[in-house]
$ cat structure.txt   # compact mmCIF, C-alpha atoms
# COMPACT_ATOMS: atom_id res chain seq x y z
CA MET H 1 -11.28 8.38 -20.48
CA ASP H 2 -8.33 6.00 -20.35
CA ILE H 3 -8.86 2.94 -18.13
CA PHE H 4 -5.74 0.92 -17.31
CA ILE H 5 -5.89 -2.85 -16.84
CA THR H 6 -3.09 -4.09 -14.63
CA SER H 7 -2.40 -7.24 -12.62
CA GLY H 8 -0.05 -8.46 -9.96
CA ILE H 9 0.93 -11.16 -7.52
CA GLY H 10 2.01 -10.79 -3.93
CA TYR H 11 3.31 -13.00 -1.13
CA GLY H 12 3.40 -12.37 2.60
CA LYS H 13 3.22 -13.83 6.09
CA THR H 14 -0.54 -13.17 6.12
CA PRO H 15 -3.18 -12.92 3.38
CA LEU H 16 -3.43 -9.18 4.10
CA SER H 17 0.29 -8.59 3.64
CA ALA H 18 0.18 -10.69 0.46
CA PHE H 19 -2.59 -8.37 -0.79
CA ASP H 20 -0.43 -5.32 0.01
CA ALA H 21 2.48 -6.90 -1.88
CA ALA H 22 0.20 -7.46 -4.89
CA LEU H 23 -0.85 -3.80 -4.69
CA LYS H 24 2.84 -2.86 -4.75
CA ASP H 25 3.38 -5.15 -7.75
CA VAL H 26 0.78 -3.16 -9.71
CA GLY H 27 2.04 0.20 -8.43
CA VAL H 28 -0.96 1.32 -6.35
CA TYR H 29 -0.06 0.41 -2.75
CA ASN H 30 0.16 4.02 -1.58
CA PHE H 31 -3.39 4.91 -2.67
CA ASN H 32 -6.73 4.69 -0.92
CA LEU H 33 -8.67 2.42 -3.26
CA ILE H 34 -12.26 3.38 -3.98
CA TYR H 35 -14.10 0.34 -5.36
CA ILE H 36 -16.61 1.17 -8.04
CA SER H 37 -19.14 -0.96 -9.88
CA SER H 38 -18.53 -2.32 -13.30
CA ILE H 39 -19.78 0.29 -15.75
CA ILE H 40 -17.46 1.56 -18.48
CA PRO H 41 -18.42 5.11 -19.55
CA ALA H 42 -18.89 5.95 -23.24
CA ALA H 43 -15.74 7.06 -25.10
CA SER H 44 -13.51 5.04 -22.73
CA VAL H 45 -10.31 3.47 -24.01
CA ILE H 46 -9.05 0.32 -22.29
CA LYS H 47 -5.25 0.16 -22.07
CA LEU H 48 -3.50 -3.07 -21.12
CA LYS H 49 -0.59 -1.50 -19.28
CA LYS H 50 0.56 -0.72 -15.79
CA PHE H 51 -0.87 2.39 -14.18
CA LYS H 52 1.97 4.87 -13.58
CA ALA H 53 1.51 6.92 -10.43
CA ALA H 54 3.43 10.10 -9.78
CA ARG H 55 6.04 9.63 -7.03
CA LYS H 56 4.45 12.31 -4.86
CA GLN H 57 1.03 10.65 -4.84
CA TYR H 58 0.49 9.20 -1.38
CA GLY H 59 -2.91 8.64 0.17
CA ASP H 60 -4.83 9.95 -2.85
CA ARG H 61 -8.07 8.31 -3.93
CA LEU H 62 -7.84 5.79 -6.74
CA TYR H 63 -11.02 4.58 -8.43
CA VAL H 64 -10.82 0.93 -9.44
CA VAL H 65 -12.79 -2.15 -10.42
CA ARG H 66 -11.08 -5.05 -8.64
CA SER H 67 -10.81 -8.81 -8.88
CA GLU H 68 -8.67 -10.24 -6.09
CA ILE H 69 -8.19 -13.48 -4.21
CA ARG H 70 -5.97 -14.33 -1.23
CA SER H 71 -5.08 -17.71 0.27
CA ARG H 72 -2.60 -19.46 2.51
CA GLU H 73 -3.77 -22.94 1.51
CA SER H 74 -0.51 -24.48 0.33
CA GLY H 75 -0.75 -26.54 -2.84
CA LYS H 76 -3.83 -24.79 -4.19
CA CYS H 77 -3.92 -22.58 -7.25
CA ILE H 78 -5.71 -19.24 -7.05
CA GLY H 79 -6.75 -16.90 -9.81
CA ALA H 80 -8.42 -13.56 -10.38
CA ALA H 81 -9.93 -12.40 -13.66
CA LEU H 82 -11.40 -9.19 -14.96
CA GLY H 83 -13.48 -9.46 -18.11
CA TRP H 84 -14.98 -6.63 -20.14
CA TYR H 85 -17.16 -5.94 -23.11
CA GLN H 86 -17.35 -2.66 -24.98
CA LEU H 87 -19.56 -1.31 -27.72
CA LYS H 88 -18.10 0.73 -30.59
CA ASN H 89 -18.87 3.97 -28.71
CA GLY H 90 -16.67 2.81 -25.81
CA LYS H 91 -19.37 2.15 -23.22
CA GLY H 92 -19.49 -1.27 -21.68
CA VAL H 93 -19.23 -3.42 -18.56
CA PHE H 94 -16.63 -5.17 -16.43
CA VAL H 95 -17.07 -8.46 -14.56
CA GLU H 96 -14.85 -9.72 -11.75
CA HIS H 97 -14.30 -13.36 -10.83
CA GLU H 98 -12.02 -15.27 -8.45
CA GLU H 99 -11.31 -18.98 -8.26
CA ILE H 100 -9.42 -21.49 -6.12
CA GLY H 101 -8.64 -24.98 -7.40
CA GLU H 102 -6.28 -27.88 -7.63
CA THR H 103 -4.54 -26.94 -10.88
CA GLU H 104 -3.77 -23.79 -12.83
CA SER H 105 -5.55 -25.13 -15.91
CA ALA H 106 -8.72 -25.87 -13.91
CA VAL H 107 -8.68 -22.37 -12.39
CA GLU H 108 -8.12 -20.74 -15.79
CA SER H 109 -10.87 -22.81 -17.41
CA ASN H 110 -13.40 -22.00 -14.66
CA LEU H 111 -12.54 -18.29 -14.69
CA THR H 112 -12.91 -18.11 -18.47
CA ALA H 113 -16.31 -19.82 -18.34
CA GLU H 114 -17.59 -17.61 -15.50
CA VAL H 115 -16.43 -14.40 -17.19
CA LYS H 116 -18.16 -15.39 -20.42
CA LYS H 117 -21.42 -16.30 -18.65
CA SER H 118 -21.43 -13.07 -16.64
CA LEU H 119 -20.64 -10.86 -19.63
CA THR H 120 -23.37 -12.57 -21.65
CA ASP H 121 -25.91 -11.87 -18.88
CA LEU H 122 -24.81 -8.26 -18.26
CA CYS H 123 -24.92 -7.46 -21.97
CA ARG H 124 -28.33 -9.09 -22.37
CA LEU H 125 -29.75 -7.09 -19.45
CA ARG H 126 -28.52 -3.84 -21.05
CA GLY H 127 -29.65 -4.72 -24.56
CA PHE H 128 -26.07 -4.88 -25.85
CA PRO H 129 -25.61 -7.19 -28.84
CA PHE H 130 -23.16 -9.84 -27.56
CA ALA H 131 -20.45 -11.23 -29.82
CA GLU H 132 -17.97 -13.52 -28.06
CA LYS H 133 -15.08 -12.26 -30.20
CA ARG H 134 -15.48 -8.78 -28.61
CA MET H 135 -15.15 -10.18 -25.09
CA GLN H 136 -11.84 -9.29 -23.41
CA MET H 137 -10.21 -10.67 -20.27
CA LYS H 138 -7.13 -10.25 -18.09
CA MET H 139 -6.37 -13.14 -15.74
CA ARG H 140 -3.65 -13.79 -13.17
CA THR H 141 -3.03 -17.13 -11.42
CA VAL H 142 -0.50 -18.40 -8.91
CA LYS H 143 0.16 -21.60 -6.99
CA VAL H 144 0.18 -21.08 -3.22
CA THR H 145 3.32 -22.54 -1.65
CA ASN H 146 4.92 -21.78 1.72
CA SER H 147 3.41 -18.35 2.32
CA ALA H 148 0.14 -16.53 1.83
CA ALA H 149 -0.43 -15.44 -1.75
CA CYS H 150 -2.66 -12.98 -3.57
CA THR H 151 -3.52 -12.40 -7.21
CA LEU H 152 -5.04 -9.12 -8.25
CA VAL H 153 -6.44 -7.63 -11.46
CA LEU H 154 -7.47 -3.97 -11.49
CA ALA H 155 -9.18 -1.62 -13.89
CA VAL H 156 -7.79 1.76 -12.82
CA TYR H 157 -10.00 4.72 -13.71
CA LYS H 158 -8.39 7.81 -12.15
CA SER H 159 -6.79 9.26 -9.06
CA GLU H 160 -7.85 12.34 -7.12
CA LYS H 161 -6.42 14.31 -4.26
CA TRP H 162 -8.52 14.77 -1.15
CA ASP H 163 -10.23 18.14 -0.85
CA ILE H 164 -8.72 19.30 2.44
CA THR H 165 -10.15 22.63 3.47

$ encode --input "structure.txt" --output "structure tokens"
Amino acid sequence: MDIFITSGIGYGKTPLSAFDAALKDVGVYNFNLIYISSIIPAASVIKLKKFKAARKQYGDRLYVVRSEIRSRESGKCIGAALGWYQLKNGKGVFVEHEEIGETESAVESNLTAEVKKSLTDLCRLRGFPFAEKRMQMKMRTVKVTNSAACTLVLAVYKSEKWDIT
């Protein structure tokens, strides 16, 4: 299974509309998102590229692991991060973290530390041998200015049509 890691930023008059703009930025705003837990099935391949939806897909289900933060607190920096760890057979785990802080570097530093701690714990609980060099992460940060902002990182698994009978 191919799993696509994609990220985006959005701005709007409200935190909700900023979230919708971030969904548009990553190309999934016309889907019904189904949030799943953080397990990566065996034989999965992680691809760091934007998920490409067919133009006719509207309202379909889209299975995702999501890290997302919204704010309208001007002057703050916000960030979302998705970390993952995979074994050689492709199975693994995702972790999702969000952070708000005074500076981009502080947010990035805190997100990196939290992702590492979480991945270490999740791997230990599953009996996975943890090697920091195998840890992966996608992070997105933005400084909130005069409008609501949202950062979003998604692991996109697959889309499905609704069974309408």

$ residues_around --input "structure.txt" --residues "stretch 116-124 of chain H" --least-positions-apart "2" --cutoff "12 Å" --atoms "all atoms listed in the file" --output "PyMOL selection string"
chain H and resi 38-39+81-87+91-97+109-114+126-137

$ residues_near_point --input "structure.txt" --point "(-14.1, -0.2, -10.1)" --cutoff "10 Å" --atoms "all atoms listed in the file" --output "list in words"
Leu33, Ile34, Tyr35, Ile36, Ser37, Ser38, Ile39, Ile40, Leu62, Tyr63, Val64, Val65, Arg66, Ser67, Phe94, Val95, Glu96, Leu154, Ala155, Val156 and Tyr157 of chain H

$ closest_residue --input "structure.txt" --among "H:Ser44, H:Thr6, H:Gln57, H:Ser71" --to "H:Cys150" --atoms "all atoms listed in the file"
H:Ser71

$ atom_distance --input "structure.txt" --atom1 "atom CA of H:Ser159" --atom2 "atom CA of H:Ala22"
18.6 Å

$ residues_around --input "structure.txt" --residues "H:Arg72" --least-positions-apart "2" --cutoff "10 Å" --atoms "only C-alpha atoms" --output "JSON, numbers by chain"
{"H": [11, 12, 13, 14, 15, 18, 70, 74, 75, 76, 144, 145, 146, 147, 148, 149, 150]}

$ residues_near_point --input "structure.txt" --point "(-1.4, -2.9, -10.1)" --cutoff "8 Å" --atoms "only C-alpha atoms" --output "ChimeraX atom specification"
/H:6-8,22-28,50-51,152-154

$ atom_distance --input "structure.txt" --atom1 "atom CA of H:Arg61" --atom2 "atom CA of H:Lys161"
6.2 Å

$ closest_residue --input "structure.txt" --among "H:Gly79, H:Gly10, H:Ile5, H:Asn32" --to "H:Lys47" --atoms "all atoms listed in the file"
H:Ile5

$ closest_residue --input "structure.txt" --among "H:Ile9, H:Glu98, H:Trp162, H:Lys143" --to "H:Glu73" --atoms "only C-alpha atoms"
H:Lys143

$ atom_distance --input "structure.txt" --atom1 "atom CA of H:Glu104" --atom2 "atom CA of H:Ile78"
7.6 Å

$ build_atoms --input "structure.txt" --residues "stretch 68-93 of chain H" --atoms "N, CA and C atoms" --output "mmCIF file, in the coordinates of the input"
data_model
loop_
_atom_site.group_PDB
_atom_site.id
_atom_site.type_symbol
_atom_site.label_atom_id
_atom_site.label_comp_id
_atom_site.auth_asym_id
_atom_site.auth_seq_id
_atom_site.Cartn_x
_atom_site.Cartn_y
_atom_site.Cartn_z
ATOM 1 N N GLU H 68 -9.800 -9.932 -6.984
ATOM 2 C CA GLU H 68 -8.670 -10.240 -6.090
ATOM 3 C C GLU H 68 -9.006 -11.468 -5.261
ATOM 4 N N ILE H 69 -8.014 -12.315 -5.066
ATOM 5 C CA ILE H 69 -8.190 -13.480 -4.210
ATOM 6 C C ILE H 69 -6.908 -13.677 -3.407
ATOM 7 N N ARG H 70 -7.089 -14.074 -2.138
ATOM 8 C CA ARG H 70 -5.970 -14.330 -1.230
ATOM 9 C C ARG H 70 -6.139 -15.722 -0.637
ATOM 10 N N SER H 71 -5.011 -16.396 -0.375
ATOM 11 C CA SER H 71 -5.080 -17.710 0.270
ATOM 12 C C SER H 71 -3.741 -18.039 0.915
ATOM 13 N N ARG H 72 -3.811 -18.884 1.929
ATOM 14 C CA ARG H 72 -2.600 -19.460 2.510
ATOM 15 C C ARG H 72 -2.655 -20.980 2.453
ATOM 16 N N GLU H 73 -3.577 -21.499 1.639
ATOM 17 C CA GLU H 73 -3.770 -22.940 1.510
ATOM 18 C C GLU H 73 -2.735 -23.524 0.553
ATOM 19 N N SER H 74 -1.628 -23.978 1.112
ATOM 20 C CA SER H 74 -0.510 -24.480 0.330
ATOM 21 C C SER H 74 -0.939 -25.597 -0.612
ATOM 22 N N GLY H 75 -0.446 -25.534 -1.840
ATOM 23 C CA GLY H 75 -0.750 -26.540 -2.840
ATOM 24 C C GLY H 75 -1.912 -26.172 -3.748
ATOM 25 N N LYS H 76 -2.704 -25.221 -3.362
ATOM 26 C CA LYS H 76 -3.830 -24.790 -4.190
ATOM 27 C C LYS H 76 -3.375 -23.752 -5.215
ATOM 28 N N CYS H 77 -4.145 -23.624 -6.257
ATOM 29 C CA CYS H 77 -3.920 -22.580 -7.250
ATOM 30 C C CYS H 77 -5.047 -21.577 -7.111
ATOM 31 N N ILE H 78 -4.704 -20.287 -7.144
ATOM 32 C CA ILE H 78 -5.710 -19.240 -7.050
ATOM 33 C C ILE H 78 -5.619 -18.346 -8.289
ATOM 34 N N GLY H 79 -6.752 -17.772 -8.645
ATOM 35 C CA GLY H 79 -6.750 -16.900 -9.810
ATOM 36 C C GLY H 79 -7.807 -15.815 -9.702
ATOM 37 N N ALA H 80 -7.499 -14.688 -10.290
ATOM 38 C CA ALA H 80 -8.420 -13.560 -10.380
ATOM 39 C C ALA H 80 -8.519 -13.167 -11.847
ATOM 40 N N ALA H 81 -9.725 -12.799 -12.264
ATOM 41 C CA ALA H 81 -9.930 -12.400 -13.660
ATOM 42 C C ALA H 81 -10.870 -11.209 -13.723
ATOM 43 N N LEU H 82 -10.564 -10.341 -14.655
ATOM 44 C CA LEU H 82 -11.400 -9.190 -14.960
ATOM 45 C C LEU H 82 -11.749 -9.308 -16.437
ATOM 46 N N GLY H 83 -13.045 -9.391 -16.731
ATOM 47 C CA GLY H 83 -13.480 -9.460 -18.110
ATOM 48 C C GLY H 83 -14.220 -8.175 -18.456
ATOM 49 N N TRP H 84 -14.246 -7.826 -19.741
ATOM 50 C CA TRP H 84 -14.980 -6.630 -20.140
ATOM 51 C C TRP H 84 -15.496 -6.775 -21.553
ATOM 52 N N TYR H 85 -16.519 -5.976 -21.805
ATOM 53 C CA TYR H 85 -17.160 -5.940 -23.110
ATOM 54 C C TYR H 85 -17.489 -4.491 -23.406
ATOM 55 N N GLN H 86 -17.095 -4.041 -24.593
ATOM 56 C CA GLN H 86 -17.350 -2.660 -24.980
ATOM 57 C C GLN H 86 -18.051 -2.596 -26.330
ATOM 58 N N LEU H 87 -18.932 -1.621 -26.442
ATOM 59 C CA LEU H 87 -19.560 -1.310 -27.720
ATOM 60 C C LEU H 87 -18.622 -0.393 -28.505
ATOM 61 N N LYS H 88 -18.953 -0.124 -29.748
ATOM 62 C CA LYS H 88 -18.100 0.730 -30.590
ATOM 63 C C LYS H 88 -17.958 2.141 -30.036
ATOM 64 N N ASN H 89 -18.956 2.626 -29.278
ATOM 65 C CA ASN H 89 -18.870 3.970 -28.710
ATOM 66 C C ASN H 89 -18.074 4.012 -27.405
ATOM 67 N N GLY H 90 -17.518 2.869 -26.994
ATOM 68 C CA GLY H 90 -16.670 2.810 -25.810
ATOM 69 C C GLY H 90 -17.366 2.416 -24.532
ATOM 70 N N LYS H 91 -18.702 2.540 -24.465
ATOM 71 C CA LYS H 91 -19.370 2.150 -23.220
ATOM 72 C C LYS H 91 -19.423 0.637 -23.122
ATOM 73 N N GLY H 92 -19.481 0.170 -21.878
ATOM 74 C CA GLY H 92 -19.490 -1.270 -21.680
ATOM 75 C C GLY H 92 -19.576 -1.647 -20.223
ATOM 76 N N VAL H 93 -19.161 -2.885 -19.926
ATOM 77 C CA VAL H 93 -19.230 -3.420 -18.560
ATOM 78 C C VAL H 93 -17.992 -4.259 -18.258
#
